[in-house]
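Have a look at input-v4.pdb below; it lists PDB, C-alpha atoms, pLDDT in the B column.
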ATOM      1  CA  MET I   1     -13.161  23.862 -10.565  1.00 47.00           C
ATOM      2  CA  LYS I   2     -10.868  23.725  -7.555  1.00 52.00           C
ATOM      3  CA  LEU I   3     -12.629  22.717  -4.347  1.00 53.00           C
ATOM      4  CA  LEU I   4     -12.274  24.607  -1.097  1.00 54.00           C
ATOM      5  CA  ARG I   5     -10.498  22.743   1.693  1.00 58.00           C
ATOM      6  CA  ASP I   6     -13.690  22.483   3.787  1.00 63.00           C
ATOM      7  CA  ASP I   7     -15.555  21.039   0.786  1.00 72.00           C
ATOM      8  CA  LEU I   8     -13.114  18.137   0.555  1.00 80.00           C
ATOM      9  CA  HIS I   9     -14.235  16.723   3.909  1.00 81.00           C
ATOM     10  CA  VAL I  10     -17.737  16.022   2.548  1.00 84.00           C
ATOM     11  CA  LEU I  11     -16.469  13.888  -0.334  1.00 86.00           C
ATOM     12  CA  THR I  12     -15.618  10.818   1.756  1.00 86.00           C
ATOM     13  CA  GLY I  13     -18.826   8.969   0.884  1.00 84.00           C
ATOM     14  CA  SER I  14     -18.707   9.811  -2.816  1.00 86.00           C
ATOM     15  CA  TYR I  15     -15.031   8.848  -2.977  1.00 85.00           C
ATOM     16  CA  ALA I  16     -15.633   5.507  -1.231  1.00 83.00           C
ATOM     17  CA  LEU I  17     -18.329   4.679  -3.819  1.00 83.00           C
ATOM     18  CA  ASP I  18     -16.234   5.999  -6.764  1.00 82.00           C
ATOM     19  CA  ALA I  19     -18.920   8.587  -7.526  1.00 84.00           C
ATOM     20  CA  ILE I  20     -16.722  11.639  -8.171  1.00 85.00           C
ATOM     21  CA  SER I  21     -14.990  13.022 -11.238  1.00 86.00           C
ATOM     22  CA  ASP I  22     -11.333  12.333 -12.058  1.00 84.00           C
ATOM     23  CA  GLU I  23     -10.383  15.918 -11.146  1.00 86.00           C
ATOM     24  CA  GLU I  24     -12.173  15.676  -7.784  1.00 86.00           C
ATOM     25  CA  ARG I  25     -10.601  12.272  -7.121  1.00 85.00           C
ATOM     26  CA  GLU I  26      -7.059  13.559  -7.694  1.00 86.00           C
ATOM     27  CA  GLU I  27      -7.624  16.575  -5.437  1.00 87.00           C
ATOM     28  CA  PHE I  28      -9.303  14.481  -2.733  1.00 86.00           C
ATOM     29  CA  GLU I  29      -6.524  11.862  -2.756  1.00 86.00           C
ATOM     30  CA  ARG I  30      -3.953  14.609  -2.186  1.00 86.00           C
ATOM     31  CA  HIS I  31      -6.079  15.808   0.741  1.00 86.00           C
ATOM     32  CA  LEU I  32      -6.416  12.218   2.014  1.00 85.00           C
ATOM     33  CA  HIS I  33      -2.658  11.916   2.556  1.00 84.00           C
ATOM     34  CA  HIS I  34      -2.812  14.688   5.180  1.00 84.00           C
ATOM     35  CA  CYS I  35      -6.247  14.195   6.784  1.00 87.00           C
ATOM     36  CA  ARG I  36      -6.452  11.280   9.223  1.00 87.00           C
ATOM     37  CA  ALA I  37     -10.140  11.903   9.905  1.00 87.00           C
ATOM     38  CA  CYS I  38     -11.094  11.551   6.234  1.00 88.00           C
ATOM     39  CA  ASP I  39      -8.805   8.534   5.817  1.00 86.00           C
ATOM     40  CA  ALA I  40     -10.462   6.739   8.736  1.00 86.00           C
ATOM     41  CA  GLU I  41     -13.935   7.646   7.481  1.00 88.00           C
ATOM     42  CA  VAL I  42     -13.186   6.380   3.959  1.00 87.00           C
ATOM     43  CA  ARG I  43     -11.953   3.064   5.361  1.00 86.00           C
ATOM     44  CA  GLY I  44     -15.098   2.663   7.436  1.00 84.00           C
ATOM     45  CA  LEU I  45     -17.383   3.544   4.532  1.00 84.00           C
ATOM     46  CA  ARG I  46     -15.604   1.100   2.226  1.00 81.00           C
ATOM     47  CA  GLU I  47     -15.961  -1.691   4.767  1.00 80.00           C
ATOM     48  CA  THR I  48     -19.657  -0.914   5.150  1.00 80.00           C
ATOM     49  CA  ALA I  49     -20.120  -0.853   1.375  1.00 77.00           C
ATOM     50  CA  ALA I  50     -18.356  -4.211   1.093  1.00 75.00           C
ATOM     51  CA  ARG I  51     -20.622  -5.757   3.726  1.00 74.00           C
ATOM     52  CA  LEU I  52     -23.724  -4.410   2.023  1.00 73.00           C
ATOM     53  CA  ALA I  53     -22.545  -5.745  -1.328  1.00 70.00           C
ATOM     54  CA  MET I  54     -21.787  -9.187   0.081  1.00 69.00           C
ATOM     55  CA  ALA I  55     -25.174  -9.299   1.812  1.00 67.00           C
ATOM     56  CA  ARG I  56     -26.875  -8.778  -1.563  1.00 67.00           C
ATOM     57  CA  ALA I  57     -24.604 -11.139  -3.489  1.00 67.00           C
ATOM     58  CA  VAL I  58     -26.363 -13.890  -5.459  1.00 71.00           C
ATOM     59  CA  ARG I  59     -25.139 -16.988  -7.250  1.00 73.00           C
ATOM     60  CA  PRO I  60     -24.619 -16.275 -10.980  1.00 72.00           C
ATOM     61  CA  PRO I  61     -26.840 -18.084 -13.497  1.00 75.00           C
ATOM     62  CA  ALA I  62     -25.681 -21.458 -14.787  1.00 73.00           C
ATOM     63  CA  ARG I  63     -23.192 -21.309 -17.678  1.00 75.00           C
ATOM     64  CA  MET I  64     -22.847 -17.522 -17.295  1.00 75.00           C
ATOM     65  CA  GLU I  65     -19.063 -17.739 -17.594  1.00 74.00           C
ATOM     66  CA  GLN I  66     -19.268 -19.758 -20.811  1.00 72.00           C
ATOM     67  CA  ARG I  67     -21.709 -17.252 -22.356  1.00 75.00           C
ATOM     68  CA  VAL I  68     -19.501 -14.297 -21.433  1.00 74.00           C
ATOM     69  CA  LEU I  69     -16.391 -15.949 -22.885  1.00 71.00           C
ATOM     70  CA  ALA I  70     -18.257 -16.808 -26.071  1.00 71.00           C
ATOM     71  CA  ALA I  71     -19.473 -13.207 -26.409  1.00 71.00           C
ATOM     72  CA  ALA I  72     -15.897 -11.930 -26.008  1.00 68.00           C
ATOM     73  CA  TYR I  73     -14.990 -13.349 -29.419  1.00 60.00           C
ATOM     74  CA  ARG I  74     -17.798 -11.361 -31.071  1.00 64.00           C
ATOM     75  CA  THR I  75     -17.215  -8.067 -29.234  1.00 67.00           C
ATOM     76  CA  ARG I  76     -15.116  -5.339 -30.837  1.00 64.00           C
ATOM     77  CA  GLN I  77     -12.287  -4.337 -28.508  1.00 64.00           C
ATOM     78  CA  LEU I  78     -11.610  -0.755 -27.443  1.00 64.00           C
ATOM     79  CA  PRO I  79      -8.586   0.969 -29.011  1.00 66.00           C
ATOM     80  CA  PRO I  80      -5.458   1.314 -26.844  1.00 61.00           C
ATOM     81  CA  LEU I  81      -5.372   4.276 -24.456  1.00 59.00           C
ATOM     82  CA  PRO I  82      -3.166   7.249 -25.427  1.00 66.00           C
ATOM     83  CA  ALA I  83       0.163   7.220 -23.609  1.00 65.00           C
ATOM     84  CA  ASP I  84      -0.787  10.031 -21.199  1.00 67.00           C
ATOM     85  CA  ARG I  85      -4.115   8.431 -20.243  1.00 67.00           C
ATOM     86  CA  LEU I  86      -2.480   5.013 -19.858  1.00 63.00           C
ATOM     87  CA  ARG I  87       0.182   6.510 -17.561  1.00 70.00           C
ATOM     88  CA  ALA I  88      -2.511   8.245 -15.470  1.00 70.00           C
ATOM     89  CA  ALA I  89      -4.463   4.979 -15.224  1.00 66.00           C
ATOM     90  CA  ARG I  90      -1.347   3.110 -14.071  1.00 68.00           C
ATOM     91  CA  ASP I  91      -0.725   5.763 -11.421  1.00 72.00           C
ATOM     92  CA  ARG I  92      -4.298   5.505 -10.139  1.00 70.00           C
ATOM     93  CA  HIS I  93      -4.158   1.721  -9.965  1.00 64.00           C
ATOM     94  CA  ARG I  94      -0.801   1.824  -8.199  1.00 69.00           C
ATOM     95  CA  ALA I  95      -2.326   4.147  -5.602  1.00 69.00           C
ATOM     96  CA  GLN I  96      -5.242   1.726  -5.214  1.00 64.00           C
ATOM     97  CA  LEU I  97      -2.839  -1.186  -4.707  1.00 65.00           C
ATOM     98  CA  GLU I  98      -0.939   0.721  -2.027  1.00 66.00           C
ATOM     99  CA  ARG I  99      -4.165   1.551  -0.200  1.00 64.00           C
ATOM    100  CA  LEU I 100      -5.297  -2.085  -0.376  1.00 59.00           C
ATOM    101  CA  LEU I 101      -1.988  -3.248   1.074  1.00 60.00           C
ATOM    102  CA  ALA I 102      -2.311  -0.697   3.885  1.00 61.00           C
ATOM    103  CA  LEU I 103      -5.851  -1.850   4.640  1.00 55.00           C
ATOM    104  CA  ARG I 104      -4.805  -5.540   4.953  1.00 50.00           C
ATOM    105  CA  PRO I 105      -8.283  -6.861   3.937  1.00 46.00           C
ATOM    106  CA  ALA I 106     -10.078  -8.874   6.610  1.00 48.00           C
ATOM    107  CA  PRO I 107     -11.770 -12.116   5.492  1.00 47.00           C
ATOM    108  CA  ARG I 108     -15.088 -10.302   4.943  1.00 45.00           C
ATOM    109  CA  ARG I 109     -13.420  -7.789   2.609  1.00 48.00           C
ATOM    110  CA  ALA I 110     -11.116 -10.214   0.820  1.00 50.00           C
ATOM    111  CA  ALA I 111     -13.558 -10.870  -2.027  1.00 51.00           C
ATOM    112  CA  LEU I 112     -13.972  -7.135  -2.707  1.00 48.00           C
ATOM    113  CA  ALA I 113     -10.232  -6.469  -2.556  1.00 50.00           C
ATOM    114  CA  ALA I 114      -9.480  -9.415  -4.849  1.00 52.00           C
ATOM    115  CA  ALA I 115     -12.029  -8.167  -7.368  1.00 51.00           C
ATOM    116  CA  ALA I 116     -10.526  -4.664  -7.323  1.00 50.00           C
ATOM    117  CA  VAL I 117      -6.951  -5.823  -7.838  1.00 51.00           C
ATOM    118  CA  SER I 118      -8.065  -8.311 -10.483  1.00 51.00           C
ATOM    119  CA  ALA I 119      -9.527  -5.434 -12.477  1.00 49.00           C
ATOM    120  CA  ALA I 120      -6.293  -3.468 -12.013  1.00 49.00           C
ATOM    121  CA  ALA I 121      -4.252  -6.455 -13.188  1.00 49.00           C
ATOM    122  CA  ALA I 122      -6.454  -6.879 -16.271  1.00 49.00           C
ATOM    123  CA  LEU I 123      -5.960  -3.200 -17.213  1.00 46.00           C
ATOM    124  CA  ALA I 124      -2.197  -3.363 -16.663  1.00 47.00           C
ATOM    125  CA  LEU I 125      -1.917  -6.494 -18.806  1.00 47.00           C
ATOM    126  CA  GLY I 126      -3.489  -4.551 -21.683  1.00 49.00           C
ATOM    127  CA  VAL I 127      -5.067  -7.642 -23.246  1.00 41.00           C
ATOM    128  CA  THR I 128      -7.031  -6.419 -26.247  1.00 39.00           C
ATOM    129  CA  GLN I 129      -8.003  -9.716 -27.839  1.00 42.00           C
ATOM    130  CA  VAL I 130      -7.542 -13.405 -27.114  1.00 40.00           C
ATOM    131  CA  ALA I 131      -7.161 -15.526 -30.207  1.00 41.00           C
ATOM    132  CA  THR I 132      -7.915 -18.941 -28.740  1.00 42.00           C
ATOM    133  CA  GLN I 133      -9.720 -20.459 -25.764  1.00 46.00           C
ATOM    134  CA  HIS I 134      -6.394 -21.736 -24.441  1.00 46.00           C
ATOM    135  CA  GLN I 135      -4.927 -18.223 -24.433  1.00 45.00           C
ATOM    136  CA  LEU I 136      -8.018 -16.881 -22.672  1.00 47.00           C
ATOM    137  CA  ASP I 137      -7.830 -19.558 -19.973  1.00 50.00           C
ATOM    138  CA  THR I 138      -4.125 -18.843 -19.460  1.00 50.00           C
ATOM    139  CA  ALA I 139      -4.723 -15.106 -19.102  1.00 49.00           C
ATOM    140  CA  ARG I 140      -7.567 -15.665 -16.638  1.00 55.00           C
ATOM    141  CA  GLU I 141      -5.477 -18.026 -14.511  1.00 58.00           C
ATOM    142  CA  SER I 142      -2.572 -15.563 -14.538  1.00 61.00           C
ATOM    143  CA  ASN I 143      -4.822 -12.688 -13.439  1.00 74.00           C
ATOM    144  CA  SER I 144      -6.218 -14.821 -10.630  1.00 78.00           C
ATOM    145  CA  ALA I 145      -2.738 -15.770  -9.411  1.00 81.00           C
ATOM    146  CA  ILE I 146      -1.588 -12.130  -9.553  1.00 84.00           C
ATOM    147  CA  SER I 147      -4.655 -11.015  -7.590  1.00 83.00           C
ATOM    148  CA  LYS I 148      -3.961 -13.578  -4.872  1.00 86.00           C
ATOM    149  CA  VAL I 149      -0.418 -12.276  -4.398  1.00 87.00           C
ATOM    150  CA  ILE I 150      -1.503  -8.616  -4.238  1.00 84.00           C
ATOM    151  CA  ALA I 151      -4.352  -9.404  -1.810  1.00 84.00           C
ATOM    152  CA  ALA I 152      -2.224 -11.647   0.434  1.00 85.00           C
ATOM    153  CA  PRO I 153      -2.197 -10.501   4.106  1.00 87.00           C
ATOM    154  CA  ASP I 154       1.620 -10.378   4.143  1.00 89.00           C
ATOM    155  CA  ALA I 155       2.005  -8.629   0.766  1.00 89.00           C
ATOM    156  CA  ARG I 156       4.456  -5.735   0.653  1.00 89.00           C
ATOM    157  CA  ILE I 157       5.485  -3.396  -2.147  1.00 90.00           C
ATOM    158  CA  GLU I 158       8.982  -2.403  -3.287  1.00 90.00           C
ATOM    159  CA  THR I 159       9.763   0.195  -5.974  1.00 90.00           C
ATOM    160  CA  THR I 160      13.042   1.332  -7.531  1.00 92.00           C
ATOM    161  CA  ARG I 161      14.108   3.481 -10.461  1.00 92.00           C
ATOM    162  CA  ALA I 162      15.628   1.649 -13.404  1.00 93.00           C
ATOM    163  CA  ALA I 163      19.091   2.645 -14.571  1.00 92.00           C
ATOM    164  CA  ALA I 164      17.843   3.838 -17.982  1.00 83.00           C
ATOM    165  CA  GLY I 165      14.703   5.541 -16.633  1.00 89.00           C
ATOM    166  CA  GLY I 166      11.265   4.521 -15.462  1.00 89.00           C
ATOM    167  CA  THR I 167      10.473   2.394 -12.431  1.00 91.00           C
ATOM    168  CA  VAL I 168      10.126  -1.264 -11.501  1.00 91.00           C
ATOM    169  CA  THR I 169       7.638  -2.263  -8.798  1.00 91.00           C
ATOM    170  CA  VAL I 170       7.431  -5.622  -7.034  1.00 91.00           C
ATOM    171  CA  VAL I 171       4.606  -6.859  -4.791  1.00 91.00           C
ATOM    172  CA  VAL I 172       5.899  -9.813  -2.751  1.00 91.00           C
ATOM    173  CA  SER I 173       4.100 -12.391  -0.630  1.00 92.00           C
ATOM    174  CA  ALA I 174       6.572 -14.482   1.372  1.00 92.00           C
ATOM    175  CA  ARG I 175       3.777 -16.773   2.508  1.00 92.00           C
ATOM    176  CA  ARG I 176       2.877 -17.622  -1.103  1.00 92.00           C
ATOM    177  CA  GLY I 177       6.504 -17.535  -2.294  1.00 94.00           C
ATOM    178  CA  GLU I 178       5.504 -15.363  -5.262  1.00 94.00           C
ATOM    179  CA  ALA I 179       6.105 -11.839  -6.554  1.00 93.00           C
ATOM    180  CA  VAL I 180       4.301  -9.630  -9.080  1.00 91.00           C
ATOM    181  CA  VAL I 181       6.673  -7.500 -11.180  1.00 91.00           C
ATOM    182  CA  THR I 182       5.495  -4.351 -13.014  1.00 89.00           C
ATOM    183  CA  ALA I 183       7.408  -1.757 -15.036  1.00 89.00           C
ATOM    184  CA  ALA I 184       6.329   1.829 -15.708  1.00 87.00           C
ATOM    185  CA  ASP I 185       7.765   4.377 -18.160  1.00 87.00           C
ATOM    186  CA  MET I 186      10.849   2.303 -18.946  1.00 89.00           C
ATOM    187  CA  PRO I 187      12.435   3.152 -22.319  1.00 90.00           C
ATOM    188  CA  ALA I 188      11.278   1.098 -25.299  1.00 89.00           C
ATOM    189  CA  LEU I 189      13.974  -1.305 -26.464  1.00 90.00           C
ATOM    190  CA  PRO I 190      15.137  -1.965 -30.023  1.00 89.00           C
ATOM    191  CA  VAL I 191      13.532  -4.902 -31.825  1.00 85.00           C
ATOM    192  CA  ARG I 192      16.478  -7.164 -31.008  1.00 89.00           C
ATOM    193  CA  GLU I 193      16.312  -6.639 -27.229  1.00 92.00           C
ATOM    194  CA  VAL I 194      13.869  -7.512 -24.414  1.00 92.00           C
ATOM    195  CA  TYR I 195      13.585  -6.921 -20.677  1.00 94.00           C
ATOM    196  CA  GLN I 196      14.002 -10.191 -18.763  1.00 95.00           C
ATOM    197  CA  VAL I 197      13.157 -10.733 -15.078  1.00 96.00           C
ATOM    198  CA  TRP I 198      15.329 -12.889 -12.810  1.00 96.00           C
ATOM    199  CA  VAL I 199      14.923 -14.384  -9.359  1.00 96.00           C
ATOM    200  CA  ILE I 200      18.414 -13.978  -7.906  1.00 96.00           C
ATOM    201  CA  SER I 201      19.338 -16.285  -5.015  1.00 94.00           C
ATOM    202  CA  PRO I 202      22.668 -16.989  -3.290  1.00 90.00           C
ATOM    203  CA  SER I 203      23.089 -19.977  -5.627  1.00 91.00           C
ATOM    204  CA  GLY I 204      22.533 -17.982  -8.828  1.00 93.00           C
ATOM    205  CA  ALA I 205      19.875 -16.428 -11.057  1.00 95.00           C
ATOM    206  CA  ARG I 206      16.967 -18.134 -12.810  1.00 94.00           C
ATOM    207  CA  SER I 207      14.621 -16.608 -15.335  1.00 95.00           C
ATOM    208  CA  ALA I 208      11.097 -15.588 -14.271  1.00 94.00           C
ATOM    209  CA  GLY I 209      10.111 -14.563 -17.806  1.00 92.00           C
ATOM    210  CA  LEU I 210      10.077 -11.565 -20.124  1.00 92.00           C
ATOM    211  CA  LEU I 211       8.702  -8.265 -18.865  1.00 89.00           C
ATOM    212  CA  GLY I 212       6.299  -6.669 -21.321  1.00 80.00           C
ATOM    213  CA  SER I 213       3.736  -3.881 -20.859  1.00 68.00           C
ATOM    214  CA  GLY I 214       1.813  -5.770 -18.192  1.00 73.00           C
ATOM    215  CA  GLN I 215       2.551  -7.676 -15.008  1.00 83.00           C
ATOM    216  CA  LEU I 216       4.718 -10.760 -14.563  1.00 89.00           C
ATOM    217  CA  LEU I 217       4.296 -13.394 -11.844  1.00 90.00           C
ATOM    218  CA  ALA I 218       7.525 -14.827 -10.416  1.00 93.00           C
ATOM    219  CA  SER I 219       7.221 -18.071  -8.451  1.00 92.00           C
ATOM    220  CA  ARG I 220       9.452 -19.878  -5.940  1.00 93.00           C
ATOM    221  CA  VAL I 221      10.601 -16.578  -4.433  1.00 95.00           C
ATOM    222  CA  HIS I 222      12.258 -16.752  -1.002  1.00 93.00           C
ATOM    223  CA  PRO I 223      12.970 -13.964   1.531  1.00 90.00           C
ATOM    224  CA  ALA I 224      16.724 -13.994   0.826  1.00 91.00           C
ATOM    225  CA  ASP I 225      16.211 -13.626  -2.947  1.00 95.00           C
ATOM    226  CA  GLN I 226      16.299 -10.522  -5.120  1.00 96.00           C
ATOM    227  CA  ILE I 227      14.329  -9.594  -8.233  1.00 96.00           C
ATOM    228  CA  GLY I 228      16.456  -8.295 -11.097  1.00 96.00           C
ATOM    229  CA  VAL I 229      15.749  -6.973 -14.596  1.00 96.00           C
ATOM    230  CA  THR I 230      18.273  -7.173 -17.440  1.00 96.00           C
ATOM    231  CA  VAL I 231      18.293  -6.405 -21.163  1.00 95.00           C
ATOM    232  CA  GLU I 232      18.671  -9.591 -23.213  1.00 94.00           C
ATOM    233  CA  PRO I 233      18.350 -10.855 -26.830  1.00 92.00           C
ATOM    234  CA  PRO I 234      14.865 -11.715 -28.222  1.00 88.00           C
ATOM    235  CA  GLY I 235      13.316 -14.698 -26.458  1.00 88.00           C
ATOM    236  CA  GLY I 236      15.524 -14.247 -23.400  1.00 91.00           C
ATOM    237  CA  THR I 237      18.490 -16.253 -22.176  1.00 93.00           C
ATOM    238  CA  THR I 238      19.137 -18.992 -19.624  1.00 92.00           C
ATOM    239  CA  HIS I 239      21.536 -16.778 -17.639  1.00 93.00           C
ATOM    240  CA  PRO I 240      21.904 -12.969 -17.387  1.00 95.00           C
ATOM    241  CA  THR I 241      24.320 -11.575 -19.977  1.00 95.00           C
ATOM    242  CA  THR I 242      24.200  -7.903 -18.963  1.00 95.00           C
ATOM    243  CA  THR I 243      24.302  -5.834 -15.763  1.00 94.00           C
ATOM    244  CA  PRO I 244      20.807  -5.520 -14.236  1.00 95.00           C
ATOM    245  CA  VAL I 245      19.046  -2.223 -14.910  1.00 95.00           C
ATOM    246  CA  ALA I 246      17.060  -2.714 -11.683  1.00 95.00           C
ATOM    247  CA  VAL I 247      17.387  -4.894  -8.567  1.00 95.00           C
ATOM    248  CA  LEU I 248      14.839  -5.114  -5.736  1.00 93.00           C
ATOM    249  CA  PRO I 249      14.692  -7.168  -2.517  1.00 92.00           C
ATOM    250  CA  ALA I 250      12.270 -10.067  -2.416  1.00 87.00           C
TER
END
Could you express the structure from this file as structure tokens?
Amino acid sequence: MKLLRDDLHVLTGSYALDAISDEEREEFERHLHHCRACDAEVRGLRETAARLAMARAVRPPARMEQRVLAAAYRTRQLPPLPADRLRAARDRHRAQLERLLALRPAPRRAALAAAAVSAAAALALGVTQVATQHQLDTARESNSAISKVIAAPDARIETTRAAAGGTVTVVVSARRGEAVVTAADMPALPVREVYQVWVISPSGARSAGLLGSGQLLASRVHPADQIGVTVEPPGGTTHPTTTPVAVLPA
């Protein structure tokens, strides 16, 4: 059911607490782009909710993390999302990232913002099962590092369309010297090709890794550098062998 314009103004509290349906959320977010009063009210309500949550925060029980990790091996994973639902989820999380960057979390809200972007990073990575403890630790450390970049006070976002279709998005923190690279709706490559990410500096290009369906963290990124994506043979190469399909400023 489509809401009347006046009805949208009363959804600020429900939206801030994520207590509305997907249809209402999409309609309200379109309204939010044009209503400064609702935007300011949502920001204030979110800050209040964060303070209330932090005031009630308690120390987790001893060995809670170990018990959760152990249970993960025995828990059946959910099936992958259909392509249309996965695309809609990526769009929602991208919108959340942009709002978090605009809010520039203050120290009191940093924990809440980091938790939100950590959840977004976990969804984007699409990890369905971790075979070994080492793999699980690596994934957790990667998610934590990605969250720190996205929540950094100086983080900024750059997006460009790839030559063959789809988009590449980079969130850069100059203070941390790191960038988070994400691709959306880029064409699937043949088995014998992969997307490879490069940090391109005046002295040349160095590999930052292979870009899969999730997010990639590029380190040692400087303000004069660029982030490029090329198509390379399986396993990647030591130097780019093709023209980049996307290039963004770092």
Inset, instruction - Step by step, work through what the PyMOL selection byres ((chain I and resi 249) around 12) selects in the shown file, and finish by giving those residues as number ranges by chain. - result: I: 156-160, 168-174, 179, 181, 198-201, 221-228, 246-248, 250
Legend entry - Selection near Val42 in chain I, 10 Å with all atoms listed in the file, sequence-local residues under 3 positions removed, as JSON, numbers by chain: {"I": [11, 12, 13, 14, 15, 16, 17, 32, 36, 37, 38, 39, 45, 46, 47, 48]}
Legend entry - Selection dump of the PyMOL selection byres ((chain I and resi 207) around 8), as a PyMOL selection string: chain I and resi 196-199+205-206+208-209+237-239
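Nearest-residue note for Leu210 in chain I: choosing from I:Asp185, I:Asp18, I:Glu193, I:Glu26, the minimum distance belongs to I:Glu193, counting all atoms listed in the file.
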Legend entry - Minimum-distance residue to Leu211 in chain I, chosen among I:Pro190, I:Ala183, I:Pro234, I:Ser21 (using all atoms listed in the file): I:Ala183
Inset, instruction - Report the distance between CA of Val245 in chain I and CA of Ala88 in chain I in Å, rounded to one decimal place. - result: 24.0 Å
Inset, instruction - Record the distance separating CA of Thr182 in chain I and CA of Leu216 in chain I, expressed in Å with one decimal. - result: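 Going from CA of Thr182 in chain I over to CA of Leu216 in chain I covers 6.6 Å.
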Inset, instruction - Please identify all polymer residues lying at most 12 Å from the point (16.9, -3.5, -26.4) (file coordinates), using all atoms listed in the file, and present the result as a list in words. - result: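 Here is the list of nearby residues: Ala164, Met186, Pro187, Ala188, Leu189, Pro190, Val191, Arg192, Glu193, Val194, Tyr195, Gln196, Thr230, Val231, Glu232, Pro233, Pro234, Gly235, Gly236, Thr242 and Val245 of chain I.
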Legend entry - Selected residue of minimal separation from Ala163 in chain I among I:Ile20, I:Glu41, I:Leu52, I:Thr243, counting only C-alpha atoms: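 Of I:Ile20, I:Glu41, I:Leu52, I:Thr243, the one nearest Ala163 in chain I is I:Thr243, counting only C-alpha atoms.
Picture a line from CA of Gly165 in chain I to CA of Ala184 in chain I; it runs 9.2 Å.
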Expanded to explicit residues, what is the PyMOL selection byres ((chain I and resi 175) around 9) for this file, as an mmCIF file with C-alpha atoms, in the coordinates of the input?
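Saved file out14.cif follows:
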data_model
loop_
_atom_site.group_PDB
_atom_site.id
_atom_site.type_symbol
_atom_site.label_atom_id
_atom_site.label_comp_id
_atom_site.auth_asym_id
_atom_site.auth_seq_id
_atom_site.Cartn_x
_atom_site.Cartn_y
_atom_site.Cartn_z
ATOM 1 C CA ALA I 152 -2.224 -11.647 0.434
ATOM 2 C CA PRO I 153 -2.197 -10.501 4.106
ATOM 3 C CA ASP I 154 1.620 -10.378 4.143
ATOM 4 C CA ALA I 155 2.005 -8.629 0.766
ATOM 5 C CA VAL I 172 5.899 -9.813 -2.751
ATOM 6 C CA SER I 173 4.100 -12.391 -0.630
ATOM 7 C CA ALA I 174 6.572 -14.482 1.372
ATOM 8 C CA ARG I 176 2.877 -17.622 -1.103
ATOM 9 C CA GLY I 177 6.504 -17.535 -2.294
ATOM 10 C CA GLU I 178 5.504 -15.363 -5.262
#
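Proximity of I:Arg25, I:Ser203, I:Gly212, I:Val180 to Ser144 in chain I, computed with only C-alpha atoms, is greatest for I:Val180.
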